[in-house]
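Novice: Provided herewith: work01.csv, CSV, C-alpha atoms.
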```
chain,number,residue,atom,x,y,z
A,20,MET,CA,139.1,114.5,212.4
A,21,ASP,CA,138.7,116.7,209.3
A,22,LEU,CA,135.8,119.1,209.7
A,23,SER,CA,136.6,121.3,206.8
A,24,TRP,CA,133.4,120.2,205.0
A,25,MET,CA,131.4,121.9,207.7
A,26,ALA,CA,133.0,125.2,206.8
A,27,TRP,CA,133.4,126.5,210.4
A,28,THR,CA,134.2,130.1,211.1
A,29,VAL,CA,135.1,131.8,214.4
A,30,PRO,CA,131.8,133.7,214.6
A,31,THR,CA,129.7,130.6,214.0
A,32,VAL,CA,131.8,128.6,216.5
A,33,LEU,CA,131.2,131.3,219.1
A,34,PHE,CA,127.5,131.4,218.2
A,35,PHE,CA,126.9,127.7,218.6
A,36,SER,CA,129.1,127.6,221.7
A,37,ALA,CA,126.9,130.2,223.3
A,38,ILE,CA,123.7,128.2,222.4
A,39,GLY,CA,125.3,125.0,223.8
A,40,SER,CA,126.4,126.8,227.0
A,41,VAL,CA,122.9,128.2,227.5
A,42,LEU,CA,121.4,124.7,227.0
A,43,ALA,CA,124.0,123.2,229.4
A,44,LEU,CA,123.1,125.9,232.0
A,45,MET,CA,119.4,125.2,231.6
A,46,ALA,CA,120.0,121.5,232.1
A,47,SER,CA,122.0,122.2,235.2
A,48,LEU,CA,119.3,124.5,236.5
A,49,TYR,CA,116.8,121.7,235.9
A,50,PHE,CA,118.7,119.5,238.4
A,51,LEU,CA,119.6,122.3,240.8
A,52,ARG,CA,116.3,124.2,240.9
A,53,PRO,CA,113.6,121.9,239.4
A,54,ASN,CA,110.8,124.3,240.5
A,55,GLY,CA,111.6,126.6,237.6
A,56,ALA,CA,110.6,123.8,235.2
A,57,GLU,CA,107.0,124.1,236.3
A,58,PRO,CA,104.8,126.3,234.0
A,59,ARG,CA,103.7,129.7,235.3
A,60,PRO,CA,101.3,132.2,233.7
A,61,GLY,CA,103.0,135.1,232.0
A,62,LEU,CA,101.9,138.6,231.0
A,63,PHE,CA,101.8,137.9,227.3
A,64,PHE,CA,98.4,136.4,226.3
A,65,LYS,CA,98.5,134.7,229.8
A,66,LEU,CA,100.6,132.0,228.2
A,67,ALA,CA,101.8,129.4,230.7
A,68,THR,CA,105.5,128.9,230.2
A,69,THR,CA,108.3,126.9,231.8
A,70,ARG,CA,111.9,128.2,232.0
A,71,GLY,CA,112.7,126.2,228.9
A,72,ASP,CA,109.7,127.6,227.0
A,73,ARG,CA,110.9,131.1,227.9
A,74,LEU,CA,114.4,130.3,226.5
A,75,PHE,CA,112.9,128.9,223.3
A,76,ILE,CA,110.6,132.0,222.9
A,77,SER,CA,113.6,134.3,223.5
A,78,LEU,CA,115.9,132.5,221.0
A,79,LEU,CA,113.2,132.2,218.3
A,80,GLY,CA,112.0,135.8,218.8
A,81,SER,CA,115.7,137.0,218.7
A,82,ALA,CA,116.2,135.2,215.4
A,83,PHE,CA,113.1,137.0,214.0
A,84,ILE,CA,114.2,140.4,215.4
A,85,HIS,CA,117.5,139.9,213.5
A,86,LEU,CA,115.7,138.8,210.3
A,87,ALA,CA,113.3,141.8,210.5
A,88,TRP,CA,116.2,144.1,211.0
A,89,LEU,CA,118.0,142.7,208.0
A,90,GLY,CA,114.9,142.8,205.8
A,91,ALA,CA,113.7,146.3,206.8
A,92,THR,CA,116.9,148.3,207.6
A,93,GLY,CA,120.4,148.7,206.4
A,94,TYR,CA,121.8,149.5,209.8
A,95,ASP,CA,124.4,147.5,211.8
A,96,LEU,CA,123.2,144.2,213.3
A,97,LYS,CA,124.5,145.1,216.8
A,98,TRP,CA,121.3,147.2,217.3
A,99,ALA,CA,119.2,144.1,216.5
A,100,ALA,CA,121.4,142.2,219.0
A,101,ALA,CA,120.7,144.8,221.7
A,102,ALA,CA,117.0,144.7,221.0
A,103,SER,CA,117.1,140.9,221.2
A,104,LEU,CA,118.7,141.1,224.7
A,105,VAL,CA,116.1,143.5,225.9
A,106,TYR,CA,113.4,141.2,224.4
A,107,ALA,CA,114.9,138.1,226.1
A,108,ALA,CA,115.1,139.9,229.5
A,109,ILE,CA,111.4,140.9,229.2
A,110,VAL,CA,110.4,137.3,228.2
A,111,PHE,CA,112.3,135.9,231.2
A,112,TRP,CA,111.1,138.4,233.6
A,113,TRP,CA,107.4,138.8,232.7
A,114,GLY,CA,106.8,136.2,230.0
B,25,MET,CA,103.7,119.3,248.0
B,26,GLN,CA,107.2,119.0,246.5
B,27,LYS,CA,107.1,116.9,243.4
B,28,THR,CA,109.5,113.9,243.2
B,29,HIS,CA,111.8,114.2,240.2
B,30,ASP,CA,113.2,111.1,238.7
B,31,HIS,CA,115.9,111.8,236.2
B,32,LYS,CA,116.6,108.3,235.1
B,33,ALA,CA,114.1,108.5,232.2
B,34,LEU,CA,116.4,111.2,230.6
B,35,TRP,CA,118.9,108.4,229.8
B,36,LEU,CA,116.2,106.7,227.7
B,37,VAL,CA,116.0,109.6,225.3
B,38,ALA,CA,119.8,109.8,225.0
B,39,PRO,CA,120.0,107.5,222.0
B,40,ALA,CA,117.3,109.5,220.2
B,41,LEU,CA,119.1,112.7,221.0
B,42,LEU,CA,122.4,111.2,219.6
B,43,LEU,CA,120.6,110.2,216.4
B,44,VAL,CA,119.0,113.6,216.0
B,45,ALA,CA,122.4,115.2,216.6
B,46,PHE,CA,123.9,113.3,213.7
B,47,THR,CA,121.0,113.5,211.3
B,48,ALA,CA,119.7,117.1,212.0
B,49,VAL,CA,121.8,119.2,214.3
B,50,ILE,CA,125.2,118.7,212.6
B,51,PRO,CA,123.7,119.3,209.1
B,52,LEU,CA,121.9,122.3,210.4
B,53,MET,CA,125.1,123.8,211.8
B,54,THR,CA,126.8,123.2,208.5
B,55,VAL,CA,123.9,125.1,206.7
B,56,VAL,CA,124.3,128.0,209.1
B,57,ASN,CA,128.1,128.0,208.4
B,58,TYR,CA,127.4,128.1,204.7
B,59,SER,CA,124.9,130.9,205.0
B,60,VAL,CA,127.5,133.4,206.2
B,61,GLN,CA,130.0,132.5,203.5
B,62,ASP,CA,130.4,132.4,199.8
B,63,THR,CA,132.0,129.5,198.0
B,64,PHE,CA,133.1,128.6,194.5
B,65,GLY,CA,133.6,124.9,195.3
B,66,ASN,CA,136.7,123.0,196.3
B,67,ASN,CA,136.1,123.8,200.0
B,68,GLN,CA,137.1,127.4,199.5
B,69,PHE,CA,135.0,129.8,201.5
B,70,PHE,CA,134.8,133.6,201.9
B,71,TRP,CA,133.2,135.3,204.8
B,72,VAL,CA,130.2,137.6,203.8
B,73,GLY,CA,128.5,137.9,207.2
B,74,ALA,CA,124.7,138.5,207.0
B,75,GLU,CA,124.8,139.7,203.4
B,76,TRP,CA,123.0,136.6,202.0
B,77,TYR,CA,120.2,137.0,204.6
B,78,ARG,CA,119.8,140.7,203.7
B,79,GLU,CA,119.8,139.9,199.9
B,80,ILE,CA,117.2,137.1,200.4
B,81,LEU,CA,114.9,139.1,202.8
B,82,GLN,CA,114.9,142.1,200.5
B,83,SER,CA,114.3,140.2,197.3
B,84,ASP,CA,111.0,140.1,195.4
B,85,ARG,CA,111.7,136.5,194.5
B,86,PHE,CA,111.6,135.4,198.1
B,87,HIS,CA,108.5,137.5,199.0
B,88,ALA,CA,106.6,136.0,196.0
B,89,ALA,CA,107.6,132.4,196.8
B,90,PHE,CA,106.8,132.9,200.5
B,91,LEU,CA,103.3,134.2,199.7
B,92,ARG,CA,102.7,131.4,197.3
B,93,GLN,CA,103.7,128.9,200.0
B,94,ILE,CA,101.5,130.5,202.6
B,95,ALA,CA,98.5,130.5,200.1
B,96,PHE,CA,99.1,126.9,199.3
B,97,SER,CA,99.3,125.7,202.9
B,98,ALA,CA,96.3,127.8,204.0
B,99,THR,CA,94.2,126.4,201.2
B,100,VAL,CA,95.0,122.8,201.7
B,101,LEU,CA,94.6,123.1,205.5
B,102,ALA,CA,91.2,124.8,205.0
B,103,ILE,CA,90.0,122.0,202.8
B,104,GLU,CA,91.7,118.9,204.3
B,105,ILE,CA,90.9,119.4,208.0
B,106,PRO,CA,87.1,119.9,207.7
B,107,LEU,CA,86.8,117.3,205.0
B,108,GLY,CA,88.9,114.8,206.9
B,109,LEU,CA,86.8,115.5,210.0
B,110,ALA,CA,83.5,115.1,208.1
B,111,ILE,CA,84.6,111.8,206.5
B,112,ALA,CA,85.8,110.4,209.9
B,113,LEU,CA,82.4,111.3,211.4
B,114,SER,CA,80.5,109.6,208.7
B,115,MET,CA,82.6,106.4,208.8
B,116,PRO,CA,81.1,103.2,210.3
B,117,LYS,CA,82.1,102.4,213.9
B,118,LYS,CA,81.7,98.6,213.8
B,119,GLY,CA,81.4,95.7,211.4
B,120,ILE,CA,83.4,94.6,208.4
B,121,SER,CA,82.9,97.9,206.6
B,122,VAL,CA,85.3,99.5,209.2
B,123,SER,CA,88.3,97.5,207.8
B,124,VAL,CA,87.2,98.2,204.2
B,125,CYS,CA,87.0,102.0,204.9
B,126,LEU,CA,90.3,102.1,206.8
B,127,VAL,CA,92.2,100.2,204.0
B,128,LEU,CA,90.6,102.4,201.3
B,129,MET,CA,91.6,105.5,203.3
B,130,ALA,CA,95.2,104.3,203.8
B,131,LEU,CA,95.8,103.6,200.1
B,132,PRO,CA,96.8,107.1,199.0
B,133,LEU,CA,99.2,107.3,201.9
B,134,LEU,CA,101.1,104.3,200.7
B,135,ILE,CA,102.0,105.8,197.4
B,136,PRO,CA,105.4,107.5,197.2
B,137,TRP,CA,105.3,111.3,196.7
B,138,ASN,CA,107.1,111.2,193.3
B,139,VAL,CA,104.7,108.5,192.1
B,140,VAL,CA,101.7,110.7,193.2
B,141,GLY,CA,103.2,113.5,191.2
B,142,THR,CA,103.6,111.3,188.1
B,143,ILE,CA,100.1,109.9,188.4
B,144,TRP,CA,98.6,113.4,188.5
B,145,GLN,CA,101.0,114.7,185.8
B,146,ILE,CA,99.6,112.1,183.4
B,147,PHE,CA,96.0,112.1,184.7
B,148,ALA,CA,95.8,115.9,184.2
B,149,ARG,CA,97.4,116.0,180.7
B,150,VAL,CA,95.1,117.4,178.0
B,151,ASP,CA,96.3,115.0,175.3
B,152,ILE,CA,96.3,111.6,177.0
B,153,GLY,CA,95.1,112.3,180.7
B,154,LEU,CA,91.7,111.2,181.7
B,155,LEU,CA,91.0,114.4,183.7
B,156,GLY,CA,92.5,116.9,181.3
B,157,TYR,CA,91.1,115.3,178.2
B,158,THR,CA,87.6,115.0,179.7
B,159,LEU,CA,87.6,118.6,181.0
B,160,ASN,CA,88.7,119.9,177.6
B,161,GLY,CA,86.0,117.7,175.9
B,162,LEU,CA,83.4,119.4,178.2
B,163,GLY,CA,84.6,122.8,177.0
B,164,VAL,CA,86.5,123.8,180.1
B,165,ASP,CA,89.7,125.7,179.3
B,166,TYR,CA,92.0,123.5,181.4
B,167,ASN,CA,95.7,123.2,180.8
B,168,TYR,CA,98.0,123.1,183.8
B,169,THR,CA,101.1,123.8,181.8
B,170,GLN,CA,99.8,127.1,180.5
B,171,ASN,CA,97.0,128.2,182.9
B,172,VAL,CA,98.0,129.5,186.4
B,173,GLY,CA,94.5,128.7,187.9
B,174,ALA,CA,94.6,125.2,186.4
B,175,ALA,CA,98.1,124.5,187.8
B,176,TRP,CA,97.1,125.6,191.3
B,177,ALA,CA,93.8,123.7,191.1
B,178,THR,CA,95.7,120.5,190.0
B,179,LEU,CA,98.2,120.8,192.9
B,180,ILE,CA,95.6,121.5,195.5
B,181,ILE,CA,93.3,118.7,194.4
B,182,MET,CA,96.3,116.3,194.2
B,183,ASP,CA,97.3,117.3,197.8
B,184,VAL,CA,93.8,116.9,199.1
B,185,TRP,CA,93.5,113.5,197.4
B,186,HIS,CA,96.9,112.4,198.8
B,187,TRP,CA,96.7,113.7,202.4
B,188,THR,CA,93.0,114.0,203.5
B,189,SER,CA,93.2,110.3,204.4
B,190,LEU,CA,95.8,111.1,207.1
B,191,VAL,CA,93.4,113.6,208.7
B,192,VAL,CA,90.6,111.0,208.4
B,193,LEU,CA,92.6,108.3,210.1
B,194,LEU,CA,93.8,110.5,212.9
B,195,CYS,CA,90.3,111.9,213.5
B,196,TYR,CA,88.8,108.4,213.4
B,197,ALA,CA,91.3,107.2,215.9
B,198,GLY,CA,90.3,110.0,218.2
B,199,LEU,CA,86.6,109.3,217.6
B,200,VAL,CA,86.7,105.6,218.5
B,201,ALA,CA,88.7,106.3,221.6
B,202,ILE,CA,85.7,108.3,223.1
B,203,PRO,CA,84.1,106.1,225.8
B,204,PRO,CA,80.4,105.2,225.0
B,205,VAL,CA,79.3,106.6,228.4
B,206,TYR,CA,79.6,110.2,227.0
B,207,TYR,CA,77.2,109.3,224.2
B,208,GLN,CA,74.8,107.6,226.6
B,209,ALA,CA,74.8,110.7,228.9
B,210,ALA,CA,74.2,112.9,225.8
B,211,ARG,CA,71.2,110.8,224.8
B,212,ILE,CA,69.8,111.0,228.3
B,213,ASP,CA,70.1,114.8,228.2
B,214,GLY,CA,68.4,114.8,224.8
B,215,ALA,CA,71.5,116.5,223.2
B,216,SER,CA,71.2,117.3,219.5
B,217,ARG,CA,73.7,115.8,216.9
B,218,TRP,CA,75.4,119.2,216.8
B,219,ALA,CA,75.7,119.4,220.6
B,220,VAL,CA,77.3,115.9,220.7
B,221,PHE,CA,79.8,117.0,218.1
B,222,ARG,CA,80.5,120.4,219.7
B,223,TYR,CA,80.7,119.4,223.3
B,224,ILE,CA,81.9,115.8,223.2
B,225,GLU,CA,83.5,114.8,219.9
B,226,LEU,CA,85.4,118.0,219.1
B,227,PRO,CA,87.0,118.5,222.6
B,228,LYS,CA,87.9,114.8,222.7
B,229,MET,CA,89.5,115.0,219.3
B,230,SER,CA,91.4,118.2,220.0
B,231,ARG,CA,94.7,116.4,220.5
B,232,VAL,CA,94.5,114.4,217.3
B,233,LEU,CA,93.3,117.5,215.4
B,234,LEU,CA,96.4,119.3,216.7
B,235,ILE,CA,98.6,116.6,215.4
B,236,ALA,CA,96.7,116.6,212.1
B,237,VAL,CA,97.0,120.4,211.7
B,238,LEU,CA,100.7,120.4,212.6
B,239,LEU,CA,101.6,117.5,210.3
B,240,ARG,CA,99.6,118.9,207.4
B,241,PHE,CA,101.0,122.4,207.9
B,242,MET,CA,104.6,121.2,208.0
B,243,ASP,CA,104.2,118.8,205.1
B,244,SER,CA,102.3,121.3,202.9
B,245,PHE,CA,104.7,124.1,203.8
B,246,MET,CA,107.7,122.0,202.8
B,247,ILE,CA,106.1,120.4,199.8
B,248,TYR,CA,108.5,119.8,197.0
B,249,THR,CA,108.3,116.6,195.1
B,250,GLU,CA,104.7,116.8,193.8
B,251,PRO,CA,104.8,120.4,192.4
B,252,PHE,CA,108.3,119.7,191.0
B,253,VAL,CA,107.0,116.6,189.1
B,254,VAL,CA,103.6,118.0,188.0
B,255,THR,CA,104.4,121.6,187.1
B,256,GLY,CA,108.1,122.1,187.7
B,257,GLY,CA,107.2,125.4,189.4
B,258,GLY,CA,105.4,126.7,186.4
B,259,PRO,CA,103.7,128.1,184.3
B,260,GLY,CA,106.3,130.8,184.7
B,261,ASN,CA,106.9,130.9,188.4
B,262,ALA,CA,103.2,130.5,189.4
B,263,THR,CA,103.8,127.3,191.5
B,264,THR,CA,107.4,128.0,192.5
B,265,PHE,CA,107.0,127.5,196.3
B,266,LEU,CA,109.8,128.1,198.7
B,267,SER,CA,111.1,124.6,198.5
B,268,VAL,CA,111.1,124.6,194.7
B,269,ASP,CA,112.8,128.0,194.7
B,270,LEU,CA,115.4,126.7,197.2
B,271,VAL,CA,116.3,123.7,195.1
B,272,LYS,CA,116.6,125.9,192.0
B,273,MET,CA,118.9,128.2,193.9
B,274,ALA,CA,121.0,125.5,195.5
B,275,ILE,CA,121.3,122.9,192.7
B,276,GLY,CA,120.2,124.8,189.6
B,277,GLN,CA,122.3,127.9,190.2
B,278,PHE,CA,124.8,126.4,192.7
B,279,ASP,CA,124.4,129.5,194.9
B,280,LEU,CA,125.1,127.6,198.1
B,281,GLY,CA,125.5,130.7,200.4
B,282,PRO,CA,122.1,132.3,199.5
B,283,ALA,CA,120.5,128.9,199.4
B,284,ALA,CA,121.8,128.1,202.9
B,285,ALA,CA,120.5,131.5,204.2
B,286,LEU,CA,117.1,130.8,202.6
B,287,SER,CA,117.1,127.3,204.3
B,288,VAL,CA,117.7,128.9,207.7
B,289,ILE,CA,114.9,131.4,207.2
B,290,TYR,CA,112.6,128.7,205.9
B,291,PHE,CA,113.5,126.5,209.0
B,292,LEU,CA,112.8,129.4,211.4
B,293,ILE,CA,109.4,130.1,209.8
B,294,VAL,CA,108.4,126.5,210.0
B,295,ILE,CA,109.4,126.4,213.7
B,296,LEU,CA,107.5,129.7,214.4
B,297,VAL,CA,104.3,128.6,212.8
B,298,SER,CA,104.4,125.1,214.3
B,299,TRP,CA,105.0,126.6,217.8
B,300,ALA,CA,102.2,129.1,217.3
B,301,PHE,CA,99.8,126.3,216.2
B,302,TYR,CA,100.8,124.1,219.1
B,303,THR,CA,100.6,126.9,221.7
B,304,ILE,CA,97.1,128.1,220.5
B,305,MET,CA,95.7,124.6,220.4
B,306,THR,CA,97.0,123.5,223.8
B,307,ARG,CA,96.3,126.8,225.6
B,308,GLU,CA,93.2,125.5,227.3
B,309,ASP,CA,95.1,122.6,228.9
B,310,PHE,CA,96.7,125.0,231.3
B,311,GLU,CA,95.0,125.5,234.7
B,312,PRO,CA,95.6,128.8,236.5
B,313,SER,CA,96.5,126.9,239.7
B,314,GLY,CA,99.8,126.2,238.0
B,315,GLY,CA,99.3,122.6,236.9
B,316,VAL,CA,98.8,121.1,233.5
B,317,ARG,CA,95.8,118.8,232.8
```
Starting from the coordinates I provided, produce the structure as structure tokens.
Specialist:
Amino acid sequence: MDLSWMAWTVPTVLFFSAIGSVLALMASLYFLRPNGAEPRPGLFFKLATTRGDRLFISLLGSAFIHLAWLGATGYDLKWAAAASLVYAAIVFWWG
Amino acid sequence: MQKTHDHKALWLVAPALLLVAFTAVIPLMTVVNYSVQDTFGNNQFFWVGAEWYREILQSDRFHAAFLRQIAFSATVLAIEIPLGLAIALSMPKKGISVSVCLVLMALPLLIPWNVVGTIWQIFARVDIGLLGYTLNGLGVDYNYTQNVGAAWATLIIMDVWHWTSLVVLLCYAGLVAIPPVYYQAARIDGASRWAVFRYIELPKMSRVLLIAVLLRFMDSFMIYTEPFVVTGGGPGNATTFLSVDLVKMAIGQFDLGPAAALSVIYFLIVILVSWAFYTIMTREDFEPSGGVR
């Protein structure tokens, strides 16, 4: 199958593979530990979030951290990636 | 008590997931791939990393189009939601007039978007259009091809005319679904019309209002056809919203890389605002005991 029209690159393949792997992991966890799928109140605005919600908030927030970094600074994106990891950890732990 | 989880229902959504994968996920992946590369056609691509994103995010052109888009969505939401609610509240609840009202309300929704644009483009013209000619005859300086205020007013009134009916129909569906016992209890308590609206109708309509706000926000934030047909983004760039700017970039200039980066940013903004609306409007549904009403 010719996928050249999709213009794949190694970094984008790795990026989407990582997203796919996380989704597969979340699906497995849903079957193995279904209790995590129940909403729980978090620290931020007392929002009730499920495990999937926290993943969504982490990914969306990380995207905006990267966009803000690109829009406001000229520094390397690895710092934005590091900030995103810290943010995701906070969301999963306390969010 | 441990809940029973039945996973068989997941298979029922599998066909929809497959369809979404082909119609949305794969094209979106392609757009992401384009956004990190430059191309001159003929399937030749050159890696540029996040450069297009940086260029777009730091450009005045993007900031201006984004602000125009936000202003347009905020204005139409501020008009259409209260107006739709008010019309739904004043519509008859029984009799033949219900059908007449519903059909009249549904009419603007049946007209294709480009036709709506053409109708208003002609209607608002100062030489042959009923609206433009009349306003000029009355001494109002109205010309949507030259005057920024007139162009904005035309687009906003056109959107209100086209889409308020959707809000009306959704609110009306929510209103007629309220059981009569609530109104009977309110009458017994001697509740005022305002109290009935505030404590019975509004809470009972919160779900449909959420859908109405989400649908209208997403539609107005992604509006393209009507402004393209009526004003073409002008006068100058006064009505060049994000979508119009995106098409100019992708098809007019054939800058596929920057256009793809702008598409991804646009997509993320729509998701963020929709999620924020949804979260705020469903927040009260959560009970601190851990369950959802």
Novice: Residues of chain A within 8 Å of chain B, using only C-alpha atoms, as a list of chain:residue names?
Specialist: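 Using only C-alpha atoms, chain A residues at most 8 Å from chain B: A:Ser23, A:Trp24, A:Met25, A:Ala26, A:Trp27, A:Thr28, A:Thr31, A:Pro53, A:Glu57, A:Pro58, A:Arg59, A:Pro60, A:Leu66, A:Ala67, A:Leu79, A:Ala82, A:Leu86, A:Leu89, A:Gly90, A:Ala91.
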Novice: Would you list the contacts of range 41-51 of chain A as a list in words, taking every protein, DNA or RNA residue within 12 Å and counting all atoms listed in the file, but skipping same-chain residues closer than 4 positions in sequence?
Specialist: Phe34, Phe35, Ser36, Ala37, Gly55, Ala56, Glu57, Thr69, Arg70, Gly71, Asp72, Arg73, Leu74, Phe75, Ser77 and Leu78 of chain A; Thr28, His29, Asp30, His31, Lys32 and Leu34 of chain B
Novice: Separation of CA of Ile180 in chain B and CA of Glu250 in chain B, in Å?
Specialist: 10.4 Å
Novice: How would you write as a PyMOL selection string the residues that get within 12 Å of (93.1, 123.4, 201.4) in the file's frame, counting all atoms listed in the file?
Specialist: chain B and resi 94-108+176-177+179-188+237+240-241+244-245
Novice: Would you mind exporting the chosen residues as a compact mmCIF listing (two decimals), in the frame of the given file, restricted to C-alpha atoms?
Specialist:
```txt
# COMPACT_ATOMS: atom_id res chain seq x y z
CA ILE B 94 101.50 130.50 202.60
CA ALA B 95 98.50 130.50 200.10
CA PHE B 96 99.10 126.90 199.30
CA SER B 97 99.30 125.70 202.90
CA ALA B 98 96.30 127.80 204.00
CA THR B 99 94.20 126.40 201.20
CA VAL B 100 95.00 122.80 201.70
CA LEU B 101 94.60 123.10 205.50
CA ALA B 102 91.20 124.80 205.00
CA ILE B 103 90.00 122.00 202.80
CA GLU B 104 91.70 118.90 204.30
CA ILE B 105 90.90 119.40 208.00
CA PRO B 106 87.10 119.90 207.70
CA LEU B 107 86.80 117.30 205.00
CA GLY B 108 88.90 114.80 206.90
CA TRP B 176 97.10 125.60 191.30
CA ALA B 177 93.80 123.70 191.10
CA LEU B 179 98.20 120.80 192.90
CA ILE B 180 95.60 121.50 195.50
CA ILE B 181 93.30 118.70 194.40
CA MET B 182 96.30 116.30 194.20
CA ASP B 183 97.30 117.30 197.80
CA VAL B 184 93.80 116.90 199.10
CA TRP B 185 93.50 113.50 197.40
CA HIS B 186 96.90 112.40 198.80
CA TRP B 187 96.70 113.70 202.40
CA THR B 188 93.00 114.00 203.50
CA VAL B 237 97.00 120.40 211.70
CA ARG B 240 99.60 118.90 207.40
CA PHE B 241 101.00 122.40 207.90
CA SER B 244 102.30 121.30 202.90
CA PHE B 245 104.70 124.10 203.80
```
Novice: What is the distance between CA of Thr255 in chain B and CA of Leu270 in chain B, in Å to one decimal?
Specialist: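 Separation between CA of Thr255 in chain B and CA of Leu270 in chain B: 15.8 Å.
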Novice: Select, from B:Leu190, B:Ile143, B:Leu280, B:Val294, the residue with the minimum atom-to-atom distance to Phe64 in chain B, counting only C-alpha atoms.
Specialist: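 Of B:Leu190, B:Ile143, B:Leu280, B:Val294, the one nearest Phe64 in chain B, counting only C-alpha atoms, is B:Leu280.
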Novice: Could you check the closest approach to Ala201 in chain B for each of B:Leu234, B:Phe147, B:Ser189, B:Glu225 and tell me which residue wins, using all atoms listed in the file?
Specialist: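 Of the candidates, the smallest distance to Ala201 in chain B is held by B:Glu225.
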Novice: Any idea what's packed within 12 Å of Arg149 in chain B, counting only C-alpha atoms, ignoring anything in its chain fewer than 4 positions away? Could you give it as a compact mmCIF listing (two decimals) with C-alpha atoms, in the frame of the given file?
Specialist:
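selection-v1.txt, freshly written:
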```txt
# COMPACT_ATOMS: atom_id res chain seq x y z
CA THR B 142 103.60 111.30 188.10
CA ILE B 143 100.10 109.90 188.40
CA TRP B 144 98.60 113.40 188.50
CA GLN B 145 101.00 114.70 185.80
CA GLY B 153 95.10 112.30 180.70
CA LEU B 154 91.70 111.20 181.70
CA LEU B 155 91.00 114.40 183.70
CA GLY B 156 92.50 116.90 181.30
CA TYR B 157 91.10 115.30 178.20
CA THR B 158 87.60 115.00 179.70
CA LEU B 159 87.60 118.60 181.00
CA ASN B 160 88.70 119.90 177.60
CA TYR B 166 92.00 123.50 181.40
CA ASN B 167 95.70 123.20 180.80
CA TYR B 168 98.00 123.10 183.80
CA THR B 169 101.10 123.80 181.80
CA GLN B 170 99.80 127.10 180.50
CA ALA B 174 94.60 125.20 186.40
CA ALA B 175 98.10 124.50 187.80
CA THR B 178 95.70 120.50 190.00
CA VAL B 254 103.60 118.00 188.00
CA THR B 255 104.40 121.60 187.10
```
Novice: Give, as AutoDock Vina command-line options, the centre coordinates and the x, y and z edge lengths in Å to one decimal for an axis-aligned box around all listed atoms of range 54-68 of chain A, padded by 6 Å on each side.
Specialist:
```
--center_x 105.0 --center_y 131.2 --center_z 233.4 --size_x 25.2 --size_y 26.8 --size_z 26.2
```
Novice: Can you work out the spacing between CA of Asp95 in chain A and CA of Met273 in chain B in Å, to one decimal?
Specialist: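 Separation between CA of Asp95 in chain A and CA of Met273 in chain B: 26.9 Å.
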Novice: From the set A:Ile76, A:Leu62, A:Ile84, A:Val32, which residue has the shortest atom-to-atom contact distance to Ala99 in chain A, counting all atoms listed in the file?
Specialist: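 For Ala99 in chain A, the nearest of the given residues is A:Ile84.
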Novice: I'd like to know which of B:Leu286, B:Thr264, B:Met229, B:Leu199 is closest to Leu91 in chain B, using all atoms listed in the file.
Specialist: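 Closest residue, counting all atoms listed in the file: B:Thr264.
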Novice: Measuring between only C-alpha atoms, which one of A:Thr92, A:Ile38, A:Thr68, A:Phe83 shows the shortest distance to Phe111 in chain A?
Specialist: A:Thr68
Novice: Would you kindly place N, CA and C atoms on range 90-100 of chain B and return the model as an mmCIF file, in the frame of the given file?
Specialist:
```
data_model
loop_
_atom_site.group_PDB
_atom_site.id
_atom_site.type_symbol
_atom_site.label_atom_id
_atom_site.label_comp_id
_atom_site.auth_asym_id
_atom_site.auth_seq_id
_atom_site.Cartn_x
_atom_site.Cartn_y
_atom_site.Cartn_z
ATOM 1 N N PHE B 90 107.313 133.002 199.110
ATOM 2 C CA PHE B 90 106.800 132.900 200.500
ATOM 3 C C PHE B 90 105.259 133.011 200.469
ATOM 4 N N LEU B 91 104.762 134.020 199.756
ATOM 5 C CA LEU B 91 103.300 134.200 199.700
ATOM 6 C C LEU B 91 102.618 133.048 199.017
ATOM 7 N N ARG B 92 103.242 132.522 197.963
ATOM 8 C CA ARG B 92 102.700 131.400 197.300
ATOM 9 C C ARG B 92 102.604 130.160 198.246
ATOM 10 N N GLN B 93 103.673 129.990 199.024
ATOM 11 C CA GLN B 93 103.700 128.900 200.000
ATOM 12 C C GLN B 93 102.648 129.003 201.033
ATOM 13 N N ILE B 94 102.485 130.216 201.578
ATOM 14 C CA ILE B 94 101.500 130.500 202.600
ATOM 15 C C ILE B 94 100.071 130.207 202.018
ATOM 16 N N ALA B 95 99.849 130.702 200.783
ATOM 17 C CA ALA B 95 98.500 130.500 200.100
ATOM 18 C C ALA B 95 98.249 129.039 199.939
ATOM 19 N N PHE B 96 99.269 128.288 199.532
ATOM 20 C CA PHE B 96 99.100 126.900 199.300
ATOM 21 C C PHE B 96 98.739 126.131 200.597
ATOM 22 N N SER B 97 99.537 126.390 201.647
ATOM 23 C CA SER B 97 99.300 125.700 202.900
ATOM 24 C C SER B 97 97.949 126.071 203.511
ATOM 25 N N ALA B 98 97.595 127.353 203.456
ATOM 26 C CA ALA B 98 96.300 127.800 204.000
ATOM 27 C C ALA B 98 95.157 127.123 203.271
ATOM 28 N N THR B 99 95.280 127.026 201.948
ATOM 29 C CA THR B 99 94.200 126.400 201.200
ATOM 30 C C THR B 99 94.044 124.943 201.468
ATOM 31 N N VAL B 100 95.156 124.217 201.476
ATOM 32 C CA VAL B 100 95.000 122.800 201.700
ATOM 33 C C VAL B 100 94.554 122.481 203.139
#
```
